[in-house]
file query_19.cif (mmCIF, N, CA and C atoms)
data_query
#
loop_
_atom_site.label_atom_id
_atom_site.label_comp_id
_atom_site.auth_asym_id
_atom_site.auth_seq_id
_atom_site.Cartn_x
_atom_site.Cartn_y
_atom_site.Cartn_z
N ILE A 1 -24.21 -38.98 -37.79
CA ILE A 1 -23.68 -40.14 -37.08
C ILE A 1 -24.55 -41.34 -37.43
N ALA A 2 -23.91 -42.40 -37.87
CA ALA A 2 -24.63 -43.66 -38.12
C ALA A 2 -24.70 -44.41 -36.79
N LYS A 3 -25.85 -44.31 -36.12
CA LYS A 3 -25.96 -44.84 -34.76
C LYS A 3 -26.48 -46.26 -34.68
N THR A 4 -27.21 -46.73 -35.67
CA THR A 4 -27.79 -48.07 -35.56
C THR A 4 -27.03 -49.07 -36.43
N ALA A 5 -27.10 -50.32 -36.01
CA ALA A 5 -26.46 -51.39 -36.78
C ALA A 5 -27.03 -51.44 -38.20
N GLY A 6 -28.34 -51.24 -38.31
CA GLY A 6 -28.97 -51.26 -39.64
C GLY A 6 -28.45 -50.17 -40.55
N MET A 7 -28.29 -48.97 -40.02
CA MET A 7 -27.75 -47.85 -40.82
C MET A 7 -26.31 -48.15 -41.23
N LYS A 8 -25.53 -48.71 -40.34
CA LYS A 8 -24.13 -49.03 -40.65
C LYS A 8 -24.06 -50.10 -41.73
N ARG A 9 -24.91 -51.10 -41.64
CA ARG A 9 -24.93 -52.14 -42.69
C ARG A 9 -25.32 -51.54 -44.04
N TRP A 10 -26.30 -50.65 -44.05
CA TRP A 10 -26.74 -50.02 -45.28
C TRP A 10 -25.62 -49.19 -45.89
N ILE A 11 -24.91 -48.41 -45.08
CA ILE A 11 -23.79 -47.60 -45.57
C ILE A 11 -22.72 -48.52 -46.15
N GLY A 12 -22.40 -49.61 -45.44
CA GLY A 12 -21.39 -50.55 -45.93
C GLY A 12 -21.80 -51.18 -47.25
N LYS A 13 -23.07 -51.54 -47.36
CA LYS A 13 -23.55 -52.16 -48.59
C LYS A 13 -23.55 -51.16 -49.74
N GLU A 14 -24.05 -49.96 -49.50
CA GLU A 14 -24.17 -48.95 -50.56
C GLU A 14 -22.81 -48.40 -50.99
N LEU A 15 -21.90 -48.24 -50.05
CA LEU A 15 -20.59 -47.66 -50.37
C LEU A 15 -19.53 -48.71 -50.62
N GLY A 16 -19.83 -49.95 -50.27
CA GLY A 16 -18.90 -51.04 -50.52
C GLY A 16 -17.63 -50.99 -49.69
N GLY A 17 -17.68 -50.40 -48.53
CA GLY A 17 -16.49 -50.30 -47.70
C GLY A 17 -16.64 -51.03 -46.39
N ALA A 18 -15.52 -51.26 -45.75
CA ALA A 18 -15.51 -51.91 -44.45
C ALA A 18 -15.73 -50.90 -43.34
N CYS A 19 -15.39 -49.64 -43.60
CA CYS A 19 -15.60 -48.58 -42.63
C CYS A 19 -15.79 -47.27 -43.38
N VAL A 20 -16.37 -46.31 -42.72
CA VAL A 20 -16.65 -45.02 -43.34
C VAL A 20 -16.12 -43.92 -42.44
N ASP A 21 -15.32 -43.04 -42.99
CA ASP A 21 -14.81 -41.88 -42.28
C ASP A 21 -15.35 -40.65 -42.99
N MET A 22 -16.44 -40.12 -42.49
CA MET A 22 -17.08 -38.99 -43.16
C MET A 22 -16.46 -37.66 -42.78
N GLU A 23 -15.86 -37.58 -41.61
CA GLU A 23 -15.39 -36.30 -41.11
C GLU A 23 -14.07 -35.83 -41.74
N SER A 24 -13.18 -36.74 -42.06
CA SER A 24 -11.85 -36.35 -42.53
C SER A 24 -11.84 -35.86 -43.98
N PHE A 25 -12.84 -36.21 -44.75
CA PHE A 25 -12.85 -35.87 -46.16
C PHE A 25 -12.72 -34.38 -46.40
N VAL A 26 -13.51 -33.58 -45.69
CA VAL A 26 -13.50 -32.14 -45.91
C VAL A 26 -12.14 -31.55 -45.54
N VAL A 27 -11.56 -32.01 -44.43
CA VAL A 27 -10.25 -31.52 -44.01
C VAL A 27 -9.21 -31.88 -45.07
N CYS A 28 -9.26 -33.11 -45.57
CA CYS A 28 -8.33 -33.56 -46.60
C CYS A 28 -8.48 -32.73 -47.87
N GLU A 29 -9.71 -32.45 -48.25
CA GLU A 29 -9.97 -31.67 -49.46
C GLU A 29 -9.40 -30.26 -49.34
N VAL A 30 -9.61 -29.61 -48.20
CA VAL A 30 -9.09 -28.26 -47.99
C VAL A 30 -7.56 -28.28 -47.96
N ALA A 31 -6.99 -29.26 -47.28
CA ALA A 31 -5.53 -29.37 -47.23
C ALA A 31 -4.96 -29.56 -48.64
N ALA A 32 -5.57 -30.43 -49.43
CA ALA A 32 -5.11 -30.67 -50.80
C ALA A 32 -5.21 -29.41 -51.64
N ASP A 33 -6.30 -28.67 -51.48
CA ASP A 33 -6.47 -27.42 -52.24
C ASP A 33 -5.40 -26.39 -51.93
N HIS A 34 -4.83 -26.47 -50.72
CA HIS A 34 -3.81 -25.51 -50.30
C HIS A 34 -2.39 -26.11 -50.30
N GLY A 35 -2.25 -27.32 -50.82
CA GLY A 35 -0.93 -27.95 -50.91
C GLY A 35 -0.35 -28.33 -49.56
N VAL A 36 -1.19 -28.58 -48.59
CA VAL A 36 -0.72 -28.95 -47.25
C VAL A 36 -0.77 -30.46 -47.12
N PRO A 37 0.36 -31.10 -46.78
CA PRO A 37 0.34 -32.55 -46.58
C PRO A 37 -0.65 -32.91 -45.48
N PHE A 38 -1.33 -34.02 -45.66
CA PHE A 38 -2.39 -34.39 -44.72
C PHE A 38 -2.45 -35.90 -44.56
N VAL A 39 -2.57 -36.33 -43.33
CA VAL A 39 -2.78 -37.74 -43.02
C VAL A 39 -3.93 -37.81 -42.02
N ALA A 40 -4.90 -38.66 -42.31
CA ALA A 40 -6.00 -38.87 -41.37
C ALA A 40 -5.74 -40.16 -40.61
N LEU A 41 -5.76 -40.08 -39.32
CA LEU A 41 -5.56 -41.23 -38.46
C LEU A 41 -6.79 -41.35 -37.58
N ARG A 42 -7.53 -42.42 -37.75
CA ARG A 42 -8.79 -42.58 -37.03
C ARG A 42 -8.86 -43.97 -36.41
N ALA A 43 -9.66 -44.09 -35.40
CA ALA A 43 -9.95 -45.39 -34.80
C ALA A 43 -11.47 -45.54 -34.77
N ILE A 44 -11.93 -46.71 -35.08
CA ILE A 44 -13.35 -46.99 -35.05
C ILE A 44 -13.67 -47.61 -33.70
N VAL A 45 -14.56 -46.96 -32.98
CA VAL A 45 -14.89 -47.40 -31.64
C VAL A 45 -16.11 -48.31 -31.65
N ASP A 46 -17.08 -47.98 -32.46
CA ASP A 46 -18.30 -48.78 -32.51
C ASP A 46 -18.27 -49.70 -33.73
N THR A 47 -18.56 -50.95 -33.49
CA THR A 47 -18.56 -51.93 -34.57
C THR A 47 -19.86 -51.81 -35.37
N ALA A 48 -19.88 -52.46 -36.52
CA ALA A 48 -21.06 -52.38 -37.39
C ALA A 48 -22.30 -52.97 -36.76
N ASP A 49 -22.13 -53.93 -35.86
CA ASP A 49 -23.30 -54.55 -35.24
C ASP A 49 -23.72 -53.88 -33.93
N MET A 50 -23.13 -52.75 -33.63
CA MET A 50 -23.38 -52.06 -32.36
C MET A 50 -24.29 -50.85 -32.57
N ASP A 51 -25.39 -50.81 -31.83
CA ASP A 51 -26.23 -49.61 -31.81
C ASP A 51 -25.63 -48.64 -30.79
N LEU A 52 -25.47 -47.40 -31.19
CA LEU A 52 -24.95 -46.40 -30.26
C LEU A 52 -26.08 -45.84 -29.40
N PRO A 53 -25.79 -45.56 -28.15
CA PRO A 53 -26.82 -44.95 -27.29
C PRO A 53 -27.23 -43.58 -27.84
N ASP A 54 -28.45 -43.16 -27.53
CA ASP A 54 -28.91 -41.86 -28.00
C ASP A 54 -28.06 -40.71 -27.49
N LEU A 55 -27.32 -40.93 -26.41
CA LEU A 55 -26.44 -39.89 -25.89
C LEU A 55 -25.42 -39.44 -26.92
N VAL A 56 -24.97 -40.37 -27.75
CA VAL A 56 -23.98 -40.05 -28.78
C VAL A 56 -24.62 -39.06 -29.75
N GLY A 57 -23.97 -37.96 -29.95
CA GLY A 57 -24.50 -36.92 -30.82
C GLY A 57 -25.20 -35.81 -30.04
N GLN A 58 -25.49 -36.08 -28.76
CA GLN A 58 -26.14 -35.06 -27.94
C GLN A 58 -25.15 -34.25 -27.12
N VAL A 59 -23.95 -34.77 -26.93
CA VAL A 59 -22.95 -34.06 -26.14
C VAL A 59 -22.08 -33.23 -27.07
N GLY A 60 -21.50 -32.17 -26.53
CA GLY A 60 -20.64 -31.30 -27.32
C GLY A 60 -19.41 -32.03 -27.80
N GLN A 61 -18.94 -31.68 -28.98
CA GLN A 61 -17.78 -32.34 -29.56
C GLN A 61 -16.48 -31.56 -29.40
N SER A 62 -16.56 -30.31 -28.99
CA SER A 62 -15.33 -29.53 -28.83
C SER A 62 -14.60 -29.97 -27.57
N PRO A 63 -13.28 -29.78 -27.53
CA PRO A 63 -12.52 -30.20 -26.35
C PRO A 63 -13.00 -29.54 -25.06
N SER A 64 -13.54 -28.33 -25.16
CA SER A 64 -13.98 -27.63 -23.96
C SER A 64 -15.43 -27.94 -23.57
N ALA A 65 -16.13 -28.70 -24.40
CA ALA A 65 -17.54 -28.99 -24.13
C ALA A 65 -17.68 -29.91 -22.94
N SER A 66 -18.64 -29.62 -22.09
CA SER A 66 -18.92 -30.47 -20.93
C SER A 66 -19.65 -31.72 -21.39
N ARG A 67 -19.15 -32.86 -20.98
CA ARG A 67 -19.80 -34.13 -21.32
C ARG A 67 -20.42 -34.78 -20.08
N ILE A 68 -19.97 -34.36 -18.92
CA ILE A 68 -20.41 -34.99 -17.68
C ILE A 68 -21.90 -34.74 -17.42
N VAL A 69 -22.33 -33.49 -17.46
CA VAL A 69 -23.73 -33.17 -17.15
C VAL A 69 -24.69 -33.85 -18.12
N PRO A 70 -24.47 -33.76 -19.45
CA PRO A 70 -25.37 -34.47 -20.35
C PRO A 70 -25.36 -35.98 -20.12
N ALA A 71 -24.21 -36.54 -19.80
CA ALA A 71 -24.12 -37.98 -19.55
C ALA A 71 -24.91 -38.36 -18.30
N LEU A 72 -24.78 -37.58 -17.24
CA LEU A 72 -25.52 -37.86 -16.01
C LEU A 72 -27.03 -37.76 -16.24
N ARG A 73 -27.45 -36.74 -16.99
CA ARG A 73 -28.88 -36.60 -17.30
C ARG A 73 -29.37 -37.80 -18.10
N TYR A 74 -28.56 -38.23 -19.06
CA TYR A 74 -28.95 -39.35 -19.90
C TYR A 74 -29.08 -40.63 -19.07
N VAL A 75 -28.11 -40.88 -18.21
CA VAL A 75 -28.13 -42.09 -17.38
C VAL A 75 -29.32 -42.05 -16.41
N ALA A 76 -29.62 -40.87 -15.87
CA ALA A 76 -30.76 -40.76 -14.95
C ALA A 76 -32.06 -41.14 -15.65
N GLY A 77 -32.19 -40.79 -16.91
CA GLY A 77 -33.41 -41.12 -17.65
C GLY A 77 -33.36 -42.46 -18.36
N ASN A 78 -32.17 -43.06 -18.46
CA ASN A 78 -31.99 -44.33 -19.18
C ASN A 78 -31.05 -45.25 -18.41
N PRO A 79 -31.44 -45.65 -17.20
CA PRO A 79 -30.51 -46.43 -16.36
C PRO A 79 -30.06 -47.76 -16.98
N PHE A 80 -30.86 -48.32 -17.86
CA PHE A 80 -30.48 -49.60 -18.47
C PHE A 80 -29.42 -49.44 -19.55
N GLU A 81 -29.07 -48.21 -19.90
CA GLU A 81 -28.03 -47.94 -20.91
C GLU A 81 -26.63 -47.85 -20.31
N VAL A 82 -26.52 -47.93 -19.00
CA VAL A 82 -25.22 -47.79 -18.34
C VAL A 82 -24.21 -48.80 -18.89
N GLY A 83 -24.63 -50.04 -19.07
CA GLY A 83 -23.72 -51.06 -19.60
C GLY A 83 -23.18 -50.71 -20.98
N SER A 84 -24.05 -50.24 -21.87
CA SER A 84 -23.58 -49.90 -23.22
C SER A 84 -22.68 -48.67 -23.19
N LEU A 85 -22.95 -47.73 -22.29
CA LEU A 85 -22.08 -46.56 -22.17
C LEU A 85 -20.71 -46.94 -21.64
N LEU A 86 -20.68 -47.85 -20.66
CA LEU A 86 -19.39 -48.30 -20.13
C LEU A 86 -18.59 -49.05 -21.21
N LYS A 87 -19.28 -49.88 -21.98
CA LYS A 87 -18.62 -50.61 -23.07
C LYS A 87 -18.05 -49.63 -24.09
N LEU A 88 -18.82 -48.62 -24.45
CA LEU A 88 -18.36 -47.62 -25.39
C LEU A 88 -17.18 -46.83 -24.82
N GLY A 89 -17.25 -46.51 -23.53
CA GLY A 89 -16.16 -45.79 -22.87
C GLY A 89 -14.86 -46.58 -22.86
N ARG A 90 -14.96 -47.88 -22.60
CA ARG A 90 -13.75 -48.74 -22.62
C ARG A 90 -13.17 -48.82 -24.03
N ALA A 91 -14.05 -48.93 -25.02
CA ALA A 91 -13.57 -48.99 -26.41
C ALA A 91 -12.91 -47.67 -26.79
N ALA A 92 -13.46 -46.55 -26.35
CA ALA A 92 -12.87 -45.25 -26.65
C ALA A 92 -11.50 -45.10 -25.99
N ALA A 93 -11.37 -45.58 -24.76
CA ALA A 93 -10.08 -45.51 -24.07
C ALA A 93 -9.03 -46.35 -24.79
N ARG A 94 -9.42 -47.56 -25.24
CA ARG A 94 -8.49 -48.40 -26.01
C ARG A 94 -8.09 -47.70 -27.31
N ALA A 95 -9.05 -47.09 -27.96
CA ALA A 95 -8.76 -46.39 -29.22
C ALA A 95 -7.80 -45.24 -28.98
N ARG A 96 -8.02 -44.48 -27.92
CA ARG A 96 -7.13 -43.34 -27.61
C ARG A 96 -5.70 -43.83 -27.38
N ARG A 97 -5.56 -44.92 -26.60
CA ARG A 97 -4.21 -45.45 -26.35
C ARG A 97 -3.55 -45.93 -27.64
N SER A 98 -4.31 -46.62 -28.47
CA SER A 98 -3.76 -47.13 -29.74
C SER A 98 -3.36 -46.00 -30.68
N LEU A 99 -4.22 -45.01 -30.80
CA LEU A 99 -3.91 -43.87 -31.68
C LEU A 99 -2.70 -43.10 -31.19
N THR A 100 -2.62 -42.90 -29.89
CA THR A 100 -1.48 -42.18 -29.33
C THR A 100 -0.19 -42.94 -29.58
N ALA A 101 -0.19 -44.23 -29.31
CA ALA A 101 1.00 -45.05 -29.52
C ALA A 101 1.41 -45.04 -31.00
N PHE A 102 0.43 -45.21 -31.88
CA PHE A 102 0.74 -45.21 -33.31
C PHE A 102 1.29 -43.86 -33.74
N PHE A 103 0.66 -42.78 -33.31
CA PHE A 103 1.11 -41.45 -33.74
C PHE A 103 2.51 -41.15 -33.27
N VAL A 104 2.82 -41.50 -32.03
CA VAL A 104 4.17 -41.26 -31.51
C VAL A 104 5.19 -42.03 -32.34
N GLU A 105 4.92 -43.29 -32.62
CA GLU A 105 5.85 -44.11 -33.43
C GLU A 105 5.93 -43.60 -34.86
N PHE A 106 4.80 -43.33 -35.46
CA PHE A 106 4.75 -42.84 -36.84
C PHE A 106 5.50 -41.52 -37.00
N SER A 107 5.23 -40.58 -36.10
CA SER A 107 5.89 -39.28 -36.21
C SER A 107 7.39 -39.39 -35.98
N SER A 108 7.82 -40.31 -35.11
CA SER A 108 9.26 -40.52 -34.91
C SER A 108 9.90 -41.08 -36.17
N GLU A 109 9.23 -42.03 -36.81
CA GLU A 109 9.75 -42.62 -38.05
C GLU A 109 9.82 -41.58 -39.17
N VAL A 110 8.78 -40.79 -39.31
CA VAL A 110 8.75 -39.78 -40.37
C VAL A 110 9.83 -38.73 -40.12
N SER A 111 9.97 -38.30 -38.87
CA SER A 111 11.00 -37.32 -38.54
C SER A 111 12.39 -37.88 -38.79
N ALA A 112 12.60 -39.13 -38.41
CA ALA A 112 13.91 -39.76 -38.60
C ALA A 112 14.25 -39.90 -40.07
N ALA A 113 13.23 -40.12 -40.89
CA ALA A 113 13.45 -40.27 -42.33
C ALA A 113 13.66 -38.91 -43.00
N GLY A 114 13.41 -37.84 -42.28
CA GLY A 114 13.59 -36.52 -42.85
C GLY A 114 12.51 -36.12 -43.82
N GLU A 115 11.39 -36.84 -43.80
CA GLU A 115 10.31 -36.57 -44.74
C GLU A 115 9.61 -35.25 -44.42
N LEU A 116 9.18 -35.12 -43.20
CA LEU A 116 8.45 -33.93 -42.76
C LEU A 116 8.89 -33.56 -41.36
N PRO A 117 8.91 -32.29 -41.05
CA PRO A 117 9.21 -31.91 -39.66
C PRO A 117 7.97 -32.12 -38.80
N VAL A 118 7.90 -33.27 -38.15
CA VAL A 118 6.72 -33.60 -37.34
C VAL A 118 7.05 -33.37 -35.88
N GLN A 119 6.17 -32.66 -35.20
CA GLN A 119 6.31 -32.45 -33.77
C GLN A 119 5.06 -33.00 -33.10
N VAL A 120 5.23 -33.67 -31.99
CA VAL A 120 4.12 -34.21 -31.24
C VAL A 120 3.80 -33.23 -30.12
N PRO A 121 2.60 -32.63 -30.13
CA PRO A 121 2.26 -31.73 -29.03
C PRO A 121 2.23 -32.50 -27.71
N GLU A 122 2.90 -31.99 -26.71
CA GLU A 122 3.03 -32.71 -25.45
C GLU A 122 1.69 -33.04 -24.81
N ARG A 123 0.72 -32.14 -24.90
CA ARG A 123 -0.59 -32.40 -24.29
C ARG A 123 -1.30 -33.56 -24.97
N GLU A 124 -1.05 -33.80 -26.25
CA GLU A 124 -1.67 -34.91 -26.97
C GLU A 124 -1.09 -36.25 -26.53
N VAL A 125 0.21 -36.29 -26.30
CA VAL A 125 0.85 -37.54 -25.90
C VAL A 125 0.42 -37.93 -24.49
N ALA A 126 0.21 -36.94 -23.64
CA ALA A 126 -0.16 -37.20 -22.26
C ALA A 126 -1.53 -37.85 -22.14
N GLN A 127 -2.40 -37.63 -23.11
CA GLN A 127 -3.74 -38.21 -23.04
C GLN A 127 -3.63 -39.64 -23.37
#

call {"tool": "encode", "arguments": {"input": "query_19.cif", "output": "structure tokens"}}
result
Amino acid sequence: IAKTAGMKRWIGKELGGACVDMESFVVCEVAADHGVPFVALRAIVDTADMDLPDLVGQVGQSPSASRIVPALRYVAGNPFEVGSLLKLGRAAARARRSLTAFFVEFSSEVSAAGELPVQVPEREVAQ
């Protein structure tokens, strides 16, 4: 995870890109190797000039991972970080809404065009 503004600037300068998606590459590569169509849809929550709190990367990333307890421990030890965590939380909520809206529209368009049989899992739309 590129957590500091300096690291993000360095990555942008060295790679020459406006944003970096490191996680989707491996999934795309495996899908391509197996002939499976693949689209990566991502939202960037933290801007290049934003330092991420140390909490980022310390909480579990799986859907079943508890985030509440680590977050409470972090806030107890870093009370001045509450503002940055709230800002990050609001940005994440906006990103989730945008991604959900885009995916619903995109999958409807693709299905209507007969390109691919796309189904939207109901639990994903509800989030």

call {"tool": "residues_around", "arguments": {"input": "query_19.cif", "residues": "Lys87 of chain A", "least_positions_apart": "2", "cutoff": "12 Å", "atoms": "only C-alpha atoms", "output": "list in words"}}
result
Val45, Asp46, Thr47, Met50, Asp51, Leu52, Pro53, Glu81, Val82, Gly83, Ser84, Leu85, Gly89, Arg90, Ala91, Ala92, Ala93 and Arg94 of chain A

call {"tool": "write_last_selection", "arguments": {"input": "query_19.cif", "atoms": "N, CA and C atoms", "output": "mmCIF file, in the coordinates of the input"}}
result
data_model
loop_
_atom_site.group_PDB
_atom_site.id
_atom_site.type_symbol
_atom_site.label_atom_id
_atom_site.label_comp_id
_atom_site.auth_asym_id
_atom_site.auth_seq_id
_atom_site.Cartn_x
_atom_site.Cartn_y
_atom_site.Cartn_z
ATOM 1 N N VAL A 45 -14.560 -46.960 -32.980
ATOM 2 C CA VAL A 45 -14.890 -47.400 -31.640
ATOM 3 C C VAL A 45 -16.110 -48.310 -31.650
ATOM 4 N N ASP A 46 -17.080 -47.980 -32.460
ATOM 5 C CA ASP A 46 -18.300 -48.780 -32.510
ATOM 6 C C ASP A 46 -18.270 -49.700 -33.730
ATOM 7 N N THR A 47 -18.560 -50.950 -33.490
ATOM 8 C CA THR A 47 -18.560 -51.930 -34.570
ATOM 9 C C THR A 47 -19.860 -51.810 -35.370
ATOM 10 N N MET A 50 -23.130 -52.750 -33.630
ATOM 11 C CA MET A 50 -23.380 -52.060 -32.360
ATOM 12 C C MET A 50 -24.290 -50.850 -32.570
ATOM 13 N N ASP A 51 -25.390 -50.810 -31.830
ATOM 14 C CA ASP A 51 -26.230 -49.610 -31.810
ATOM 15 C C ASP A 51 -25.630 -48.640 -30.790
ATOM 16 N N LEU A 52 -25.470 -47.400 -31.190
ATOM 17 C CA LEU A 52 -24.950 -46.400 -30.260
ATOM 18 C C LEU A 52 -26.080 -45.840 -29.400
ATOM 19 N N PRO A 53 -25.790 -45.560 -28.150
ATOM 20 C CA PRO A 53 -26.820 -44.950 -27.290
ATOM 21 C C PRO A 53 -27.230 -43.580 -27.840
ATOM 22 N N GLU A 81 -29.070 -48.210 -19.900
ATOM 23 C CA GLU A 81 -28.030 -47.940 -20.910
ATOM 24 C C GLU A 81 -26.630 -47.850 -20.310
ATOM 25 N N VAL A 82 -26.520 -47.930 -19.000
ATOM 26 C CA VAL A 82 -25.220 -47.790 -18.340
ATOM 27 C C VAL A 82 -24.210 -48.800 -18.890
ATOM 28 N N GLY A 83 -24.630 -50.040 -19.070
ATOM 29 C CA GLY A 83 -23.720 -51.060 -19.600
ATOM 30 C C GLY A 83 -23.180 -50.710 -20.980
ATOM 31 N N SER A 84 -24.050 -50.240 -21.870
ATOM 32 C CA SER A 84 -23.580 -49.900 -23.220
ATOM 33 C C SER A 84 -22.680 -48.670 -23.190
ATOM 34 N N LEU A 85 -22.950 -47.730 -22.290
ATOM 35 C CA LEU A 85 -22.080 -46.560 -22.170
ATOM 36 C C LEU A 85 -20.710 -46.940 -21.640
ATOM 37 N N GLY A 89 -17.250 -46.510 -23.530
ATOM 38 C CA GLY A 89 -16.160 -45.790 -22.870
ATOM 39 C C GLY A 89 -14.860 -46.580 -22.860
ATOM 40 N N ARG A 90 -14.960 -47.880 -22.600
ATOM 41 C CA ARG A 90 -13.750 -48.740 -22.620
ATOM 42 C C ARG A 90 -13.170 -48.820 -24.030
ATOM 43 N N ALA A 91 -14.050 -48.930 -25.020
ATOM 44 C CA ALA A 91 -13.570 -48.990 -26.410
ATOM 45 C C ALA A 91 -12.910 -47.670 -26.790
ATOM 46 N N ALA A 92 -13.460 -46.550 -26.350
ATOM 47 C CA ALA A 92 -12.870 -45.250 -26.650
ATOM 48 C C ALA A 92 -11.500 -45.100 -25.990
ATOM 49 N N ALA A 93 -11.370 -45.580 -24.760
ATOM 50 C CA ALA A 93 -10.080 -45.510 -24.070
ATOM 51 C C ALA A 93 -9.030 -46.350 -24.790
ATOM 52 N N ARG A 94 -9.420 -47.560 -25.240
ATOM 53 C CA ARG A 94 -8.490 -48.400 -26.010
ATOM 54 C C ARG A 94 -8.090 -47.700 -27.310
#

call {"tool": "closest_residue", "arguments": {"input": "query_19.cif", "among": "A:Ser111, A:Ala48, A:Ser98, A:Pro70", "to": "Ala5 of chain A", "atoms": "only N, CA and C atoms"}}
result
A:Ala48

call {"tool": "resolve_selection", "arguments": {"input": "query_19.cif", "expression": "the PyMOL selection byres (((chain A and resi 1 and name CA) around 9) and name CA)", "output": "list in words"}}
result
Ala2, Lys3, Val56 and Gly57 of chain A

call {"tool": "select_by_dssp", "arguments": {"input": "query_19.cif", "residues": "chain A", "states": "alpha helix (DSSP H)", "output": "ChimeraX atom specification"}}
result
/A:5-15,24-33,68-77,82-113,122-126

call {"tool": "atom_distance", "arguments": {"input": "query_19.cif", "atom1": "atom CA of Ala112 of chain A", "atom2": "atom CA of Arg96 of chain A"}}
result
24.0 Å

call {"tool": "atom_distance", "arguments": {"input": "query_19.cif", "atom1": "atom C of Arg97 of chain A", "atom2": "atom N of Ala40 of chain A"}}
result
16.4 Å

call {"tool": "atom_distance", "arguments": {"input": "query_19.cif", "atom1": "atom CA of Ile44 of chain A", "atom2": "atom CA of Ala95 of chain A"}}
result
7.4 Å

call {"tool": "resolve_selection", "arguments": {"input": "query_19.cif", "expression": "the PyMOL selection byres (((chain A and resi 24 and name CA) around 10) and name CA)", "output": "MDAnalysis selection string"}}
result
chainID A and resid 20:23 25:29 38:42
